[in-house]
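One file, target.txt, carrying compact mmCIF, N, CA and C atoms:
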```
# COMPACT_ATOMS: atom_id res chain seq x y z
N LYS A 10 0.84 -1.20 0.00
CA LYS A 10 0.00 0.00 0.00
C LYS A 10 0.87 1.25 0.00
N ILE A 11 0.44 2.25 -0.71
CA ILE A 11 1.19 3.49 -0.82
C ILE A 11 0.94 4.35 0.42
N ASN A 12 2.01 4.83 1.00
CA ASN A 12 1.90 5.72 2.15
C ASN A 12 1.67 7.14 1.64
N GLU A 13 0.54 7.72 2.03
CA GLU A 13 0.18 9.05 1.54
C GLU A 13 1.22 10.10 1.90
N ASP A 14 1.85 9.96 3.06
CA ASP A 14 2.85 10.95 3.48
C ASP A 14 4.02 11.02 2.51
N ASP A 15 4.35 9.89 1.88
CA ASP A 15 5.45 9.87 0.91
C ASP A 15 5.13 10.66 -0.35
N TRP A 16 3.85 10.86 -0.61
CA TRP A 16 3.42 11.51 -1.85
C TRP A 16 2.98 12.96 -1.65
N GLU A 17 2.87 13.41 -0.42
CA GLU A 17 2.40 14.78 -0.18
C GLU A 17 3.34 15.83 -0.75
N SER A 18 4.63 15.64 -0.58
CA SER A 18 5.59 16.61 -1.10
C SER A 18 5.57 16.68 -2.62
N PRO A 19 5.64 15.54 -3.33
CA PRO A 19 5.54 15.62 -4.79
C PRO A 19 4.20 16.19 -5.25
N LEU A 20 3.13 15.87 -4.54
CA LEU A 20 1.82 16.39 -4.90
C LEU A 20 1.78 17.91 -4.73
N ASP A 21 2.37 18.41 -3.64
CA ASP A 21 2.46 19.86 -3.42
C ASP A 21 3.31 20.52 -4.50
N TYR A 22 4.39 19.86 -4.88
CA TYR A 22 5.29 20.37 -5.92
C TYR A 22 4.53 20.50 -7.25
N LEU A 23 3.78 19.47 -7.61
CA LEU A 23 2.99 19.50 -8.85
C LEU A 23 1.90 20.57 -8.78
N ALA A 24 1.25 20.68 -7.63
CA ALA A 24 0.20 21.71 -7.47
C ALA A 24 0.79 23.11 -7.61
N SER A 25 1.98 23.32 -7.06
CA SER A 25 2.65 24.62 -7.21
C SER A 25 2.96 24.92 -8.67
N GLY A 26 3.43 23.90 -9.37
CA GLY A 26 3.71 24.06 -10.79
C GLY A 26 2.46 24.41 -11.57
N LEU A 27 1.35 23.76 -11.24
CA LEU A 27 0.09 24.03 -11.94
C LEU A 27 -0.42 25.44 -11.67
N ARG A 28 -0.12 25.97 -10.48
CA ARG A 28 -0.52 27.36 -10.20
C ARG A 28 0.28 28.34 -11.07
N GLU A 29 1.53 27.97 -11.35
CA GLU A 29 2.39 28.84 -12.17
C GLU A 29 2.10 28.69 -13.66
N ILE A 30 1.96 27.46 -14.11
CA ILE A 30 1.70 27.19 -15.53
C ILE A 30 0.55 26.17 -15.63
N PRO A 31 -0.68 26.67 -15.51
CA PRO A 31 -1.85 25.78 -15.39
C PRO A 31 -2.16 24.92 -16.61
N LEU A 32 -1.65 25.26 -17.76
CA LEU A 32 -1.96 24.48 -18.96
C LEU A 32 -0.82 23.57 -19.38
N ASN A 33 0.14 23.36 -18.48
CA ASN A 33 1.25 22.46 -18.80
C ASN A 33 0.76 21.03 -18.77
N LEU A 34 0.79 20.40 -19.91
CA LEU A 34 0.21 19.07 -20.09
C LEU A 34 0.87 18.02 -19.19
N GLN A 35 2.19 18.04 -19.07
CA GLN A 35 2.89 17.05 -18.24
C GLN A 35 2.54 17.22 -16.77
N LEU A 36 2.44 18.46 -16.31
CA LEU A 36 2.07 18.69 -14.91
C LEU A 36 0.66 18.18 -14.63
N ILE A 37 -0.25 18.47 -15.54
CA ILE A 37 -1.64 18.02 -15.38
C ILE A 37 -1.69 16.49 -15.33
N TYR A 38 -1.01 15.85 -16.26
CA TYR A 38 -1.00 14.39 -16.33
C TYR A 38 -0.38 13.78 -15.08
N ASN A 39 0.77 14.31 -14.67
CA ASN A 39 1.44 13.76 -13.49
C ASN A 39 0.63 13.98 -12.22
N TYR A 40 -0.05 15.12 -12.13
CA TYR A 40 -0.92 15.39 -10.98
C TYR A 40 -2.05 14.36 -10.95
N ALA A 41 -2.61 14.06 -12.10
CA ALA A 41 -3.67 13.04 -12.19
C ALA A 41 -3.13 11.68 -11.76
N CYS A 42 -1.94 11.32 -12.23
CA CYS A 42 -1.35 10.02 -11.90
C CYS A 42 -1.11 9.87 -10.40
N VAL A 43 -0.56 10.89 -9.77
CA VAL A 43 -0.29 10.81 -8.33
C VAL A 43 -1.60 10.68 -7.56
N ASN A 44 -2.61 11.44 -7.96
CA ASN A 44 -3.90 11.33 -7.27
C ASN A 44 -4.52 9.95 -7.46
N GLU A 45 -4.34 9.36 -8.64
CA GLU A 45 -4.85 8.01 -8.87
C GLU A 45 -4.14 7.03 -7.94
N LYS A 46 -2.83 7.15 -7.80
CA LYS A 46 -2.07 6.26 -6.92
C LYS A 46 -2.50 6.40 -5.47
N LEU A 47 -2.90 7.61 -5.08
CA LEU A 47 -3.34 7.86 -3.70
C LEU A 47 -4.80 7.47 -3.46
N GLY A 48 -5.47 7.04 -4.52
CA GLY A 48 -6.88 6.65 -4.36
C GLY A 48 -7.84 7.82 -4.41
N ARG A 49 -7.36 8.96 -4.85
CA ARG A 49 -8.21 10.15 -5.00
C ARG A 49 -8.74 10.15 -6.43
N TYR A 50 -9.63 9.21 -6.67
CA TYR A 50 -10.06 8.91 -8.04
C TYR A 50 -10.83 10.05 -8.70
N ASP A 51 -11.66 10.74 -7.95
CA ASP A 51 -12.42 11.84 -8.55
C ASP A 51 -11.50 12.95 -9.06
N ILE A 52 -10.48 13.26 -8.28
CA ILE A 52 -9.51 14.28 -8.71
C ILE A 52 -8.73 13.77 -9.91
N ALA A 53 -8.33 12.51 -9.87
CA ALA A 53 -7.55 11.93 -10.98
C ALA A 53 -8.35 11.98 -12.27
N ILE A 54 -9.61 11.58 -12.22
CA ILE A 54 -10.44 11.59 -13.43
C ILE A 54 -10.58 13.01 -13.97
N ARG A 55 -10.77 13.95 -13.07
CA ARG A 55 -10.91 15.35 -13.50
C ARG A 55 -9.66 15.83 -14.22
N PHE A 56 -8.47 15.52 -13.66
CA PHE A 56 -7.24 16.00 -14.27
C PHE A 56 -6.85 15.22 -15.52
N PHE A 57 -7.14 13.92 -15.56
CA PHE A 57 -6.95 13.20 -16.83
C PHE A 57 -7.86 13.84 -17.89
N GLY A 58 -9.06 14.22 -17.49
CA GLY A 58 -9.99 14.89 -18.40
C GLY A 58 -9.44 16.21 -18.92
N TYR A 59 -8.80 16.99 -18.04
CA TYR A 59 -8.19 18.25 -18.47
C TYR A 59 -7.10 17.97 -19.52
N ALA A 60 -6.29 16.94 -19.27
CA ALA A 60 -5.24 16.59 -20.23
C ALA A 60 -5.84 16.20 -21.58
N ILE A 61 -6.94 15.47 -21.54
CA ILE A 61 -7.60 15.05 -22.78
C ILE A 61 -8.23 16.24 -23.50
N GLU A 62 -8.71 17.23 -22.75
CA GLU A 62 -9.24 18.44 -23.38
C GLU A 62 -8.14 19.17 -24.15
N ILE A 63 -6.95 19.21 -23.59
CA ILE A 63 -5.84 19.90 -24.24
C ILE A 63 -5.31 19.09 -25.41
N ARG A 64 -5.19 17.78 -25.22
CA ARG A 64 -4.66 16.88 -26.26
C ARG A 64 -5.59 15.67 -26.39
N PRO A 65 -6.67 15.84 -27.15
CA PRO A 65 -7.75 14.85 -27.20
C PRO A 65 -7.34 13.43 -27.60
N ARG A 66 -6.30 13.27 -28.36
CA ARG A 66 -5.94 11.95 -28.85
C ARG A 66 -4.82 11.30 -28.03
N TRP A 67 -4.53 11.86 -26.86
CA TRP A 67 -3.42 11.39 -26.05
C TRP A 67 -3.80 10.08 -25.34
N THR A 68 -3.23 8.99 -25.80
CA THR A 68 -3.60 7.67 -25.28
C THR A 68 -3.19 7.48 -23.82
N ASP A 69 -2.09 8.06 -23.39
CA ASP A 69 -1.66 7.91 -21.99
C ASP A 69 -2.74 8.43 -21.03
N ALA A 70 -3.26 9.60 -21.32
CA ALA A 70 -4.30 10.17 -20.45
C ALA A 70 -5.58 9.36 -20.53
N LEU A 71 -5.92 8.88 -21.71
CA LEU A 71 -7.12 8.05 -21.85
C LEU A 71 -6.98 6.74 -21.09
N PHE A 72 -5.82 6.10 -21.18
CA PHE A 72 -5.61 4.86 -20.42
C PHE A 72 -5.58 5.14 -18.91
N GLY A 73 -5.00 6.26 -18.51
CA GLY A 73 -5.01 6.64 -17.09
C GLY A 73 -6.43 6.81 -16.58
N GLN A 74 -7.24 7.45 -17.39
CA GLN A 74 -8.64 7.63 -17.02
C GLN A 74 -9.36 6.28 -16.98
N ALA A 75 -9.04 5.40 -17.92
CA ALA A 75 -9.65 4.06 -17.95
C ALA A 75 -9.31 3.27 -16.69
N VAL A 76 -8.05 3.30 -16.28
CA VAL A 76 -7.63 2.60 -15.07
C VAL A 76 -8.36 3.16 -13.85
N THR A 77 -8.48 4.47 -13.79
CA THR A 77 -9.15 5.10 -12.65
C THR A 77 -10.62 4.73 -12.60
N TYR A 78 -11.30 4.79 -13.74
CA TYR A 78 -12.70 4.37 -13.78
C TYR A 78 -12.83 2.90 -13.36
N PHE A 79 -11.90 2.07 -13.81
CA PHE A 79 -11.93 0.66 -13.46
C PHE A 79 -11.83 0.47 -11.95
N LYS A 80 -10.91 1.21 -11.33
CA LYS A 80 -10.74 1.11 -9.87
C LYS A 80 -11.99 1.59 -9.12
N LEU A 81 -12.74 2.49 -9.74
CA LEU A 81 -14.00 2.95 -9.14
C LEU A 81 -15.14 1.95 -9.37
N GLY A 82 -14.89 0.97 -10.22
CA GLY A 82 -15.92 0.00 -10.53
C GLY A 82 -16.84 0.43 -11.65
N ASN A 83 -16.48 1.52 -12.33
CA ASN A 83 -17.27 2.02 -13.46
C ASN A 83 -16.69 1.40 -14.73
N PHE A 84 -17.03 0.13 -14.96
CA PHE A 84 -16.44 -0.62 -16.05
C PHE A 84 -16.89 -0.14 -17.42
N LYS A 85 -18.09 0.40 -17.49
CA LYS A 85 -18.60 0.92 -18.76
C LYS A 85 -17.75 2.10 -19.24
N MET A 86 -17.47 3.04 -18.34
CA MET A 86 -16.65 4.20 -18.71
C MET A 86 -15.20 3.78 -18.97
N SER A 87 -14.72 2.82 -18.19
CA SER A 87 -13.37 2.32 -18.39
C SER A 87 -13.22 1.74 -19.79
N LYS A 88 -14.18 0.91 -20.18
CA LYS A 88 -14.17 0.29 -21.50
C LYS A 88 -14.24 1.36 -22.60
N LYS A 89 -15.06 2.37 -22.39
CA LYS A 89 -15.20 3.45 -23.37
C LYS A 89 -13.85 4.17 -23.57
N CYS A 90 -13.17 4.48 -22.48
CA CYS A 90 -11.87 5.15 -22.57
C CYS A 90 -10.85 4.29 -23.30
N VAL A 91 -10.84 3.00 -23.01
CA VAL A 91 -9.90 2.09 -23.68
C VAL A 91 -10.18 2.04 -25.18
N LYS A 92 -11.45 1.95 -25.54
CA LYS A 92 -11.81 1.91 -26.96
C LYS A 92 -11.36 3.17 -27.69
N ILE A 93 -11.58 4.32 -27.07
CA ILE A 93 -11.16 5.59 -27.68
C ILE A 93 -9.64 5.63 -27.82
N ALA A 94 -8.94 5.20 -26.78
CA ALA A 94 -7.47 5.20 -26.81
C ALA A 94 -6.94 4.30 -27.92
N ILE A 95 -7.52 3.11 -28.04
CA ILE A 95 -7.08 2.18 -29.09
C ILE A 95 -7.37 2.76 -30.47
N HIS A 96 -8.54 3.34 -30.64
CA HIS A 96 -8.90 3.96 -31.92
C HIS A 96 -7.92 5.08 -32.26
N ASN A 97 -7.63 5.94 -31.29
CA ASN A 97 -6.71 7.05 -31.52
C ASN A 97 -5.31 6.55 -31.84
N TYR A 98 -4.88 5.51 -31.13
CA TYR A 98 -3.55 4.97 -31.36
C TYR A 98 -3.42 4.38 -32.76
N LYS A 99 -4.42 3.62 -33.17
CA LYS A 99 -4.39 3.03 -34.52
C LYS A 99 -4.36 4.11 -35.58
N ASN A 100 -5.19 5.14 -35.43
CA ASN A 100 -5.23 6.22 -36.41
C ASN A 100 -3.92 6.99 -36.46
N SER A 101 -3.29 7.22 -35.31
CA SER A 101 -2.03 7.96 -35.33
C SER A 101 -0.92 7.12 -35.97
N CYS A 102 -0.99 5.79 -35.82
CA CYS A 102 0.00 4.92 -36.48
C CYS A 102 -0.16 4.98 -37.99
N PHE A 103 -1.40 4.98 -38.48
CA PHE A 103 -1.64 5.06 -39.92
C PHE A 103 -1.19 6.41 -40.47
N GLU A 104 -1.41 7.49 -39.69
CA GLU A 104 -0.98 8.81 -40.13
C GLU A 104 0.54 8.84 -40.28
N LYS A 105 1.26 8.23 -39.34
CA LYS A 105 2.72 8.20 -39.42
C LYS A 105 3.18 7.42 -40.64
N LEU A 106 2.51 6.32 -40.93
CA LEU A 106 2.87 5.53 -42.11
C LEU A 106 2.65 6.32 -43.39
N GLU A 107 1.54 7.06 -43.46
CA GLU A 107 1.27 7.85 -44.65
C GLU A 107 2.30 8.92 -44.86
N VAL A 108 2.74 9.56 -43.77
CA VAL A 108 3.77 10.60 -43.88
C VAL A 108 5.08 9.98 -44.32
N MET A 109 5.44 8.81 -43.80
CA MET A 109 6.70 8.17 -44.13
C MET A 109 6.74 7.75 -45.61
N GLN A 110 5.60 7.48 -46.22
CA GLN A 110 5.57 7.05 -47.61
C GLN A 110 6.03 8.16 -48.54
N TYR A 111 5.98 9.40 -48.09
CA TYR A 111 6.40 10.50 -48.94
C TYR A 111 7.91 10.65 -48.98
N PHE A 112 8.63 9.99 -48.10
CA PHE A 112 10.09 10.16 -48.04
C PHE A 112 10.81 9.08 -48.76
```

Kindly transcribe the structure held in the file into structure tokens.
Amino acid sequence: KINEDDWESPLDYLASGLREIPLNLQLIYNYACVNEKLGRYDIAIRFFGYAIEIRPRWTDALFGQAVTYFKLGNFKMSKKCVKIAIHNYKNSCFEKLEVMQYF
């Protein structure tokens, strides 16, 4: 089990960073991940959602949200997030292949 006291300092550090640069995608994502690890699922889902708003096709944030929904027992939303992530990943792979064909 994760000791919450071990994560308070990194969580405070990330929160401070978000106050300074609130739209930083990595800070938002990492803040969501730490909250998920601490069992603060509602906060994690909200921040994974913010990351997805900024970068809608980002599979890491979608899978993070899927894991969090799964831990909450919301399997329907978890499955939906996984499907979207897989769809986005497949499409981005095809886009890369199309670009590479021009070289």

* Can you work out which one of A:Thr68, A:Phe56, A:Lys80, A:Asn100 has the shortest atom-to-atom distance to Asn39 (chain A), counting all atoms listed in the file? =>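 Closest candidate: A:Phe56.
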
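Taking all atoms listed in the file into account, the protein, DNA and RNA residues within 7 Å of (-13.3, 6.5, -14.9) read Ile54, Gln74, Ala75, Val76, Thr77, Tyr78, Phe79, Lys80, Leu81, Asn83, Met86 and Ser87 of chain A.
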
* Asked: Just asking: which residues within chain A are helix (DSSP H, G or I) according to DSSP, as a PyMOL selection string?
  -> chain A and resi 13-29+34-46+50-63+68-81+84-109

* CA of Phe72 (chain A) and CA of Ala94 (chain A), how far apart in Å? ->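 Distance between the two atoms: 6.7 Å.
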
* What is the distance, in Å and to one decimal place, between CA of Tyr59 (chain A) and CA of Leu32 (chain A)? ->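 According to the coordinates, CA of Tyr59 (chain A) and CA of Leu32 (chain A) are separated by 8.8 Å.
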
* To do: Calculate how many Å separate CA of Trp67 (chain A) from atom N of Tyr98 (chain A), rounding to one decimal.
  => 7.9 Å

Can you list, as a tab-separated table (two decimals) with N, CA and C atoms, keeping the file's coordinate frame, every protein, DNA or RNA residue that comes within 12 Å of Asn33 (chain A) when you count only C-alpha atoms, leaving out same-chain residues fewer than 4 positions away?
```
chain	number	residue	atom	x	y	z
A	23	LEU	N	3.78	19.47	-7.61
A	23	LEU	CA	2.99	19.50	-8.85
A	23	LEU	C	1.90	20.57	-8.78
A	24	ALA	N	1.25	20.68	-7.63
A	24	ALA	CA	0.20	21.71	-7.47
A	24	ALA	C	0.79	23.11	-7.61
A	25	SER	N	1.98	23.32	-7.06
A	25	SER	CA	2.65	24.62	-7.21
A	25	SER	C	2.96	24.92	-8.67
A	26	GLY	N	3.43	23.90	-9.37
A	26	GLY	CA	3.71	24.06	-10.79
A	26	GLY	C	2.46	24.41	-11.57
A	27	LEU	N	1.35	23.76	-11.24
A	27	LEU	CA	0.09	24.03	-11.94
A	27	LEU	C	-0.42	25.44	-11.67
A	28	ARG	N	-0.12	25.97	-10.48
A	28	ARG	CA	-0.52	27.36	-10.20
A	28	ARG	C	0.28	28.34	-11.07
A	29	GLU	N	1.53	27.97	-11.35
A	29	GLU	CA	2.39	28.84	-12.17
A	29	GLU	C	2.10	28.69	-13.66
A	37	ILE	N	-0.25	18.47	-15.54
A	37	ILE	CA	-1.64	18.02	-15.38
A	37	ILE	C	-1.69	16.49	-15.33
A	38	TYR	N	-1.01	15.85	-16.26
A	38	TYR	CA	-1.00	14.39	-16.33
A	38	TYR	C	-0.38	13.78	-15.08
A	39	ASN	N	0.77	14.31	-14.67
A	39	ASN	CA	1.44	13.76	-13.49
A	39	ASN	C	0.63	13.98	-12.22
A	40	TYR	N	-0.05	15.12	-12.13
A	40	TYR	CA	-0.92	15.39	-10.98
A	40	TYR	C	-2.05	14.36	-10.95
A	56	PHE	N	-8.47	15.52	-13.66
A	56	PHE	CA	-7.24	16.00	-14.27
A	56	PHE	C	-6.85	15.22	-15.52
A	59	TYR	N	-8.80	16.99	-18.04
A	59	TYR	CA	-8.19	18.25	-18.47
A	59	TYR	C	-7.10	17.97	-19.52
A	60	ALA	N	-6.29	16.94	-19.27
A	60	ALA	CA	-5.24	16.59	-20.23
A	60	ALA	C	-5.84	16.20	-21.58
A	63	ILE	N	-6.95	19.21	-23.59
A	63	ILE	CA	-5.84	19.90	-24.24
A	63	ILE	C	-5.31	19.09	-25.41
A	64	ARG	N	-5.19	17.78	-25.22
A	64	ARG	CA	-4.66	16.88	-26.26
A	64	ARG	C	-5.59	15.67	-26.39
```

* Quick one: of A:Asp21, A:Ile95, A:Ile61, A:Leu71, who's nearest to Leu34 (chain A), counting only C-alpha atoms? ->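 Nearest candidate to Leu34 (chain A) out of A:Asp21, A:Ile95, A:Ile61, A:Leu71: A:Ile61.
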
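Comparing the minimum interatomic distances between Asn97 (chain A) and each of A:Pro65, A:Pro19, A:Gly82, A:Gly48, counting all atoms listed in the file, we find that A:Pro65 sits nearest.
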